[in-house]
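What follows is the content of input35.pdb, which has PDB, C-alpha atoms, pLDDT in the B column:
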MODEL        1
ATOM      1  CA  MET L   1       7.922  -5.966   4.306  1.00 43.00           C
ATOM      2  CA  ALA L   2       9.478  -8.691   6.407  1.00 45.00           C
ATOM      3  CA  SER L   3      10.171  -8.364  10.081  1.00 49.00           C
ATOM      4  CA  TRP L   4      11.403 -10.751  12.725  1.00 50.00           C
ATOM      5  CA  ARG L   5       8.692 -12.260  14.879  1.00 53.00           C
ATOM      6  CA  GLY L   6       9.287 -14.306  17.954  1.00 57.00           C
ATOM      7  CA  PHE L   7       9.237 -14.191  21.714  1.00 53.00           C
ATOM      8  CA  CYS L   8      11.573 -14.146  24.670  1.00 56.00           C
ATOM      9  CA  PHE L   9      11.747 -17.196  26.942  1.00 57.00           C
ATOM     10  CA  ARG L  10      14.218 -17.374  29.822  1.00 65.00           C
ATOM     11  CA  ASN L  11      16.206 -14.493  28.313  1.00 63.00           C
ATOM     12  CA  ARG L  12      16.529 -16.261  24.957  1.00 63.00           C
ATOM     13  CA  LEU L  13      14.960 -15.122  21.708  1.00 57.00           C
ATOM     14  CA  ILE L  14      12.809 -17.898  20.282  1.00 55.00           C
ATOM     15  CA  PRO L  15      11.658 -17.535  16.645  1.00 56.00           C
ATOM     16  CA  SER L  16       7.967 -17.892  15.885  1.00 56.00           C
ATOM     17  CA  ILE L  17       6.906 -21.106  14.173  1.00 53.00           C
ATOM     18  CA  LEU L  18       4.863 -18.883  11.846  1.00 53.00           C
ATOM     19  CA  ASP L  19       7.866 -16.864  10.730  1.00 56.00           C
ATOM     20  CA  GLY L  20       9.211 -17.392   7.249  1.00 56.00           C
ATOM     21  CA  GLU L  21       7.341 -18.692   4.257  1.00 71.00           C
ATOM     22  CA  LEU L  22       3.816 -18.842   5.712  1.00 73.00           C
ATOM     23  CA  ALA L  23       3.096 -15.140   5.091  1.00 77.00           C
ATOM     24  CA  ASP L  24       4.290 -15.481   1.482  1.00 79.00           C
ATOM     25  CA  LEU L  25       2.141 -18.583   0.930  1.00 79.00           C
ATOM     26  CA  LEU L  26      -0.954 -16.852   2.315  1.00 79.00           C
ATOM     27  CA  THR L  27      -0.331 -13.736   0.223  1.00 79.00           C
ATOM     28  CA  ASP L  28       0.080 -15.814  -2.936  1.00 82.00           C
ATOM     29  CA  ALA L  29      -3.061 -17.856  -2.220  1.00 80.00           C
ATOM     30  CA  LEU L  30      -5.192 -14.757  -1.565  1.00 79.00           C
ATOM     31  CA  THR L  31      -3.848 -13.015  -4.672  1.00 80.00           C
ATOM     32  CA  ASN L  32      -4.447 -16.086  -6.850  1.00 79.00           C
ATOM     33  CA  ALA L  33      -8.045 -16.187  -5.577  1.00 81.00           C
ATOM     34  CA  ASP L  34      -8.515 -12.517  -6.615  1.00 80.00           C
ATOM     35  CA  ILE L  35      -9.490 -11.514  -3.066  1.00 82.00           C
ATOM     36  CA  PRO L  36      -7.329  -8.397  -2.606  1.00 89.00           C
ATOM     37  CA  GLN L  37      -8.390  -5.149  -4.241  1.00 93.00           C
ATOM     38  CA  SER L  38      -6.782  -1.730  -4.520  1.00 95.00           C
ATOM     39  CA  CYS L  39      -6.669   0.210  -1.263  1.00 97.00           C
ATOM     40  CA  VAL L  40      -4.847   3.344  -0.132  1.00 98.00           C
ATOM     41  CA  VAL L  41      -3.384   4.116   3.277  1.00 98.00           C
ATOM     42  CA  THR L  42      -2.929   7.877   3.643  1.00 98.00           C
ATOM     43  CA  ARG L  43      -0.406   9.342   6.051  1.00 98.00           C
ATOM     44  CA  GLN L  44       0.083  13.010   6.902  1.00 97.00           C
ATOM     45  CA  GLU L  45       3.785  13.782   6.681  1.00 96.00           C
ATOM     46  CA  GLN L  46       5.448  16.968   7.860  1.00 95.00           C
ATOM     47  CA  SER L  47       8.180  18.871   6.060  1.00 95.00           C
ATOM     48  CA  GLY L  48       9.609  22.351   6.299  1.00 94.00           C
ATOM     49  CA  PRO L  49      10.843  24.131   9.404  1.00 94.00           C
ATOM     50  CA  ASP L  50       9.262  23.498  12.817  1.00 93.00           C
ATOM     51  CA  TYR L  51       7.974  27.066  13.023  1.00 95.00           C
ATOM     52  CA  ALA L  52       6.109  26.769   9.683  1.00 95.00           C
ATOM     53  CA  PRO L  53       5.503  23.070   8.988  1.00 95.00           C
ATOM     54  CA  ILE L  54       4.000  21.902   5.739  1.00 96.00           C
ATOM     55  CA  ILE L  55       1.596  18.984   6.161  1.00 96.00           C
ATOM     56  CA  THR L  56       1.151  16.787   3.115  1.00 97.00           C
ATOM     57  CA  ASN L  57      -1.182  13.820   2.656  1.00 98.00           C
ATOM     58  CA  VAL L  58       0.950  11.005   1.243  1.00 98.00           C
ATOM     59  CA  PRO L  59      -0.948   8.066  -0.299  1.00 98.00           C
ATOM     60  CA  TYR L  60       0.479   4.545  -0.083  1.00 98.00           C
ATOM     61  CA  ASP L  61      -1.150   2.188  -2.562  1.00 98.00           C
ATOM     62  CA  CYS L  62      -1.669  -1.347  -1.313  1.00 97.00           C
ATOM     63  CA  GLN L  63      -3.805  -4.460  -1.700  1.00 95.00           C
ATOM     64  CA  GLY L  64      -6.451  -5.637   0.736  1.00 95.00           C
ATOM     65  CA  TRP L  65     -10.121  -6.263   1.367  1.00 94.00           C
ATOM     66  CA  ILE L  66     -12.886  -5.129   3.682  1.00 95.00           C
ATOM     67  CA  ASP L  67     -15.097  -7.224   5.931  1.00 94.00           C
ATOM     68  CA  ASP L  68     -17.826  -6.691   8.508  1.00 95.00           C
ATOM     69  CA  TYR L  69     -17.466  -7.531  12.171  1.00 94.00           C
ATOM     70  CA  ALA L  70     -19.631 -10.360  13.471  1.00 91.00           C
ATOM     71  CA  GLU L  71     -22.599  -9.143  15.477  1.00 90.00           C
ATOM     72  CA  ARG L  72     -21.137 -10.757  18.625  1.00 90.00           C
ATOM     73  CA  ASP L  73     -17.988  -8.587  18.228  1.00 89.00           C
ATOM     74  CA  ARG L  74     -19.927  -5.315  18.173  1.00 89.00           C
ATOM     75  CA  ASP L  75     -20.241  -4.018  21.715  1.00 88.00           C
ATOM     76  CA  GLY L  76     -21.207  -0.448  20.823  1.00 83.00           C
ATOM     77  CA  THR L  77     -18.151   1.029  22.541  1.00 88.00           C
ATOM     78  CA  LEU L  78     -14.875  -0.526  21.372  1.00 93.00           C
ATOM     79  CA  VAL L  79     -16.366  -1.889  18.152  1.00 95.00           C
ATOM     80  CA  GLN L  80     -19.176   0.356  17.017  1.00 94.00           C
ATOM     81  CA  VAL L  81     -22.090  -0.545  14.748  1.00 91.00           C
ATOM     82  CA  ASN L  82     -20.556   0.944  11.572  1.00 92.00           C
ATOM     83  CA  ASP L  83     -16.963  -0.204  12.153  1.00 96.00           C
ATOM     84  CA  ARG L  84     -15.430  -2.365   9.439  1.00 97.00           C
ATOM     85  CA  ARG L  85     -12.438  -4.662   9.436  1.00 96.00           C
ATOM     86  CA  VAL L  86      -9.889  -3.948   6.694  1.00 97.00           C
ATOM     87  CA  PHE L  87      -7.172  -6.456   5.847  1.00 95.00           C
ATOM     88  CA  ILE L  88      -4.066  -5.078   4.099  1.00 96.00           C
ATOM     89  CA  LEU L  89      -1.454  -7.464   2.713  1.00 93.00           C
ATOM     90  CA  CYS L  90       1.806  -6.566   4.457  1.00 92.00           C
ATOM     91  CA  ALA L  91       3.860  -7.291   1.351  1.00 90.00           C
ATOM     92  CA  SER L  92       1.889  -4.671  -0.593  1.00 94.00           C
ATOM     93  CA  LEU L  93       2.481  -1.762   1.805  1.00 96.00           C
ATOM     94  CA  ASP L  94       5.747   0.126   2.352  1.00 96.00           C
ATOM     95  CA  ILE L  95       4.738   1.451   5.793  1.00 97.00           C
ATOM     96  CA  THR L  96       3.152   0.069   8.942  1.00 97.00           C
ATOM     97  CA  PRO L  97      -0.282   1.675   9.314  1.00 98.00           C
ATOM     98  CA  SER L  98      -1.037   3.584  12.518  1.00 98.00           C
ATOM     99  CA  THR L  99      -4.041   5.209  14.150  1.00 98.00           C
ATOM    100  CA  ALA L 100      -2.847   8.552  12.758  1.00 98.00           C
ATOM    101  CA  ASP L 101      -3.439   7.273   9.203  1.00 98.00           C
ATOM    102  CA  SER L 102      -6.597   6.703   7.186  1.00 98.00           C
ATOM    103  CA  VAL L 103      -7.482   3.906   4.781  1.00 98.00           C
ATOM    104  CA  THR L 104      -9.601   4.117   1.637  1.00 98.00           C
ATOM    105  CA  VAL L 105     -11.386   1.069   0.209  1.00 97.00           C
ATOM    106  CA  ASP L 106     -13.964   1.176  -2.601  1.00 94.00           C
ATOM    107  CA  GLY L 107     -13.827   4.985  -2.562  1.00 95.00           C
ATOM    108  CA  VAL L 108     -14.797   5.212   1.129  1.00 96.00           C
ATOM    109  CA  SER L 109     -12.280   6.728   3.542  1.00 97.00           C
ATOM    110  CA  TYR L 110     -12.048   5.347   7.077  1.00 98.00           C
ATOM    111  CA  SER L 111     -10.216   6.466  10.207  1.00 98.00           C
ATOM    112  CA  ILE L 112      -7.939   3.791  11.616  1.00 98.00           C
ATOM    113  CA  ILE L 113      -9.009   2.938  15.166  1.00 98.00           C
ATOM    114  CA  SER L 114      -6.579   0.069  15.770  1.00 97.00           C
ATOM    115  CA  VAL L 115      -4.002  -1.981  13.871  1.00 97.00           C
ATOM    116  CA  GLN L 116      -2.947  -5.549  14.539  1.00 96.00           C
ATOM    117  CA  ARG L 117      -1.000  -8.062  12.518  1.00 93.00           C
ATOM    118  CA  ASP L 118      -2.332 -11.517  11.802  1.00 88.00           C
ATOM    119  CA  PRO L 119      -0.361 -14.386  13.403  1.00 84.00           C
ATOM    120  CA  ALA L 120       1.259 -15.379  10.098  1.00 80.00           C
ATOM    121  CA  GLY L 121       2.432 -11.815   9.436  1.00 83.00           C
ATOM    122  CA  ALA L 122       0.657 -11.780   6.063  1.00 87.00           C
ATOM    123  CA  ALA L 123      -1.827  -8.962   6.744  1.00 91.00           C
ATOM    124  CA  PHE L 124      -2.452  -5.915   8.869  1.00 96.00           C
ATOM    125  CA  VAL L 125      -5.909  -6.187  10.457  1.00 96.00           C
ATOM    126  CA  ILE L 126      -7.344  -2.702  10.799  1.00 98.00           C
ATOM    127  CA  GLN L 127     -10.402  -1.616  12.750  1.00 98.00           C
ATOM    128  CA  ALA L 128     -11.770   1.141  10.513  1.00 98.00           C
ATOM    129  CA  ARG L 129     -14.477   3.731  11.199  1.00 97.00           C
ATOM    130  CA  ALA L 130     -16.230   5.912   8.621  1.00 91.00           C
TER     131      ALA L 130
ENDMDL
END

Since I need it in another form, could you write the structure as structure tokens?
Amino acid sequence: MASWRGFCFRNRLIPSILDGELADLLTDALTNADIPQSCVVTRQEQSGPDYAPIITNVPYDCQGWIDDYAERDRDGTLVQVNDRRVFILCASLDITPSTADSVTVDGVSYSIISVQRDPAGAAFVIQARA
């Protein structure tokens, strides 16, 4: 899942120095080190007519890993005590996760509180709450 990353400076689009091969190199290195594991991002998708919608949970298999927040990052409000950080390899996921989705790692399902992308564009960094 490649996308253009850059910034605007004096009305000109400037490409990011991290754009290109860096995300692929990071993904390959993490995969070769056996760090990613099977994860699932689940999205509720609507079909049928507006007056009688059918909501279906659609699973998107992907690769990632889970990590704890450092104690200094836990403030009890924005990052709560039981929040976890989930990293999903962008290349392994066909969608961009959102706060309307959930993520399952090691059989535990988490609500997605926030989603960011790492600077290299290799992984989605998800704040997850059980």

**Study point:** Atomic separation - atom CA of Asp73 of chain L relative to atom CA of Ile35 of chain L, Å
**Key:**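 Interatomic distance here is 23.1 Å.
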
Exercise for review: Just the residues within 9 Å of Asn82 of chain L, please, counting all atoms listed in the file, with nothing from its chain fewer than 3 positions along; format it as a PyMOL selection string.
Suggested key: chain L and resi 68+79+128-130

Check your understanding: Just how far from atom CA of Val40 of chain L is atom CA of Leu93 of chain L, in Å to one decimal?
Key -> 9.1 Å

Revision key, fill the gap. Atom CA of Asp34 of chain L to atom CA of Gln63 of chain L measures 10.5 Å

Review point. Any chance you could work out the residue set of the PyMOL selection byres ((chain L and resi 120) around 6) here, as a PyMOL selection string?
Key: chain L and resi 18+23+118-119+121-122

Exercise for review: Write out as a list in words each polymer residue whose atoms come within 10 Å of Pro59 of chain L, counting all atoms listed in the file; drop sequence neighbours fewer than 6 positions from it.
Suggested key: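 Within the cut-off, the hits are Cys39, Val40, Val41, Thr42, Arg43, Gln44, Asp101, Ser102, Val103 and Thr104 of chain L.
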
**Study point:** Nearest candidate to Ala70 of chain L (options L:Arg117, L:Val108, L:Asp83, L:Asp50; using all atoms listed in the file)
**Key:**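 Closest to Ala70 of chain L, using all atoms listed in the file: L:Asp83.
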
Exercise for review: Show which residues sit within 10 Å of Glu45 of chain L, as a PyMOL selection string. Count only C-alpha atoms, and ignore same-chain residues fewer than 2 positions away.
Suggested key: chain L and resi 42-43+47+53-58

Please, what is the axis-aligned box for every listed atom of segment 18-34 of chain L with 3 Å on each side, as centre and edge lengths in Å to one decimal, as lines of an AutoDock Vina configuration file?
center_x = 0.3
center_y = -15.7
center_z = 2.5
size_x = 23.7
size_y = 12.4
size_z = 24.7

Check your understanding: Which residues fall under the PyMOL selection byres ((chain L and resi 62) around 12) in this file, as a ChimeraX atom specification?
Key -> /L:36-42,59-61,63-65,86-97,103-105,123-124

**Study point:** Top pick for closest residue to Val81 of chain L, considering L:Asp106, L:Gly48, L:Gln127, L:Ile112 and counting all atoms listed in the file
**Key:**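 Among L:Asp106, L:Gly48, L:Gln127, L:Ile112, it is L:Gln127 that comes nearest to Val81 of chain L.
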
Please fill the gaps in segment 29-61 of chain L so it has N, CA and C atoms, and write that as a CSV table (one decimal), keeping the file's coordinate frame.
chain,number,residue,atom,x,y,z
L,29,ALA,N,-1.8,-17.2,-2.1
L,29,ALA,CA,-3.1,-17.9,-2.2
L,29,ALA,C,-4.2,-16.8,-2.3
L,30,LEU,N,-4.2,-15.8,-1.5
L,30,LEU,CA,-5.2,-14.8,-1.6
L,30,LEU,C,-5.2,-14.0,-2.9
L,31,THR,N,-4.0,-13.7,-3.4
L,31,THR,CA,-3.8,-13.0,-4.7
L,31,THR,C,-4.3,-13.9,-5.8
L,32,ASN,N,-4.0,-15.2,-5.8
L,32,ASN,CA,-4.4,-16.1,-6.8
L,32,ASN,C,-6.0,-16.3,-6.9
L,33,ALA,N,-6.6,-16.1,-5.7
L,33,ALA,CA,-8.0,-16.2,-5.6
L,33,ALA,C,-8.7,-14.9,-5.9
L,34,ASP,N,-8.0,-13.9,-6.3
L,34,ASP,CA,-8.5,-12.5,-6.6
L,34,ASP,C,-9.3,-11.9,-5.5
L,35,ILE,N,-8.8,-12.1,-4.2
L,35,ILE,CA,-9.5,-11.5,-3.1
L,35,ILE,C,-9.0,-10.1,-2.8
L,36,PRO,N,-7.7,-9.8,-2.9
L,36,PRO,CA,-7.3,-8.4,-2.6
L,36,PRO,C,-7.8,-7.4,-3.7
L,37,GLN,N,-8.0,-6.2,-3.3
L,37,GLN,CA,-8.4,-5.1,-4.2
L,37,GLN,C,-7.5,-3.9,-3.9
L,38,SER,N,-7.6,-2.9,-4.7
L,38,SER,CA,-6.8,-1.7,-4.5
L,38,SER,C,-7.3,-1.0,-3.3
L,39,CYS,N,-6.4,-0.6,-2.5
L,39,CYS,CA,-6.7,0.2,-1.3
L,39,CYS,C,-5.6,1.3,-1.2
L,40,VAL,N,-5.8,2.3,-0.4
L,40,VAL,CA,-4.8,3.3,-0.1
L,40,VAL,C,-4.8,3.7,1.4
L,41,VAL,N,-3.6,3.6,1.9
L,41,VAL,CA,-3.4,4.1,3.3
L,41,VAL,C,-2.8,5.5,3.1
L,42,THR,N,-3.4,6.5,3.8
L,42,THR,CA,-2.9,7.9,3.6
L,42,THR,C,-2.3,8.3,5.0
L,43,ARG,N,-1.1,8.9,4.9
L,43,ARG,CA,-0.4,9.3,6.1
L,43,ARG,C,-0.1,10.8,5.9
L,44,GLN,N,-0.3,11.6,6.9
L,44,GLN,CA,0.1,13.0,6.9
L,44,GLN,C,1.6,13.1,7.3
L,45,GLU,N,2.4,13.6,6.4
L,45,GLU,CA,3.8,13.8,6.7
L,45,GLU,C,4.1,15.3,6.7
L,46,GLN,N,5.1,15.6,7.6
L,46,GLN,CA,5.4,17.0,7.9
L,46,GLN,C,6.8,17.2,7.2
L,47,SER,N,6.9,18.4,6.6
L,47,SER,CA,8.2,18.9,6.1
L,47,SER,C,8.3,20.4,6.4
L,48,GLY,N,9.4,20.9,6.0
L,48,GLY,CA,9.6,22.4,6.3
L,48,GLY,C,10.1,22.6,7.7
L,49,PRO,N,10.3,23.8,8.1
L,49,PRO,CA,10.8,24.1,9.4
L,49,PRO,C,9.8,23.9,10.5
L,50,ASP,N,10.2,23.7,11.7
L,50,ASP,CA,9.3,23.5,12.8
L,50,ASP,C,8.3,24.7,13.0
L,51,TYR,N,8.8,25.9,12.8
L,51,TYR,CA,8.0,27.1,13.0
L,51,TYR,C,6.9,27.3,11.9
L,52,ALA,N,7.1,26.6,10.8
L,52,ALA,CA,6.1,26.8,9.7
L,52,ALA,C,6.0,25.4,8.9
L,53,PRO,N,5.5,24.4,9.6
L,53,PRO,CA,5.5,23.1,9.0
L,53,PRO,C,4.5,23.0,7.8
L,54,ILE,N,4.9,22.2,6.9
L,54,ILE,CA,4.0,21.9,5.7
L,54,ILE,C,3.5,20.5,5.9
L,55,ILE,N,2.2,20.3,6.0
L,55,ILE,CA,1.6,19.0,6.2
L,55,ILE,C,1.1,18.5,4.8
L,56,THR,N,1.5,17.3,4.4
L,56,THR,CA,1.2,16.8,3.1
L,56,THR,C,0.5,15.4,3.3
L,57,ASN,N,-0.6,15.2,2.7
L,57,ASN,CA,-1.2,13.8,2.7
L,57,ASN,C,-0.4,13.0,1.6
L,58,VAL,N,0.2,11.9,2.1
L,58,VAL,CA,1.0,11.0,1.2
L,58,VAL,C,0.2,9.7,1.1
L,59,PRO,N,-0.2,9.3,-0.1
L,59,PRO,CA,-0.9,8.1,-0.3
L,59,PRO,C,0.0,6.9,-0.5
L,60,TYR,N,-0.3,5.8,0.1
L,60,TYR,CA,0.5,4.5,-0.1
L,60,TYR,C,-0.5,3.5,-0.7
L,61,ASP,N,-0.3,3.2,-1.9
L,61,ASP,CA,-1.2,2.2,-2.6
L,61,ASP,C,-0.8,0.8,-2.0
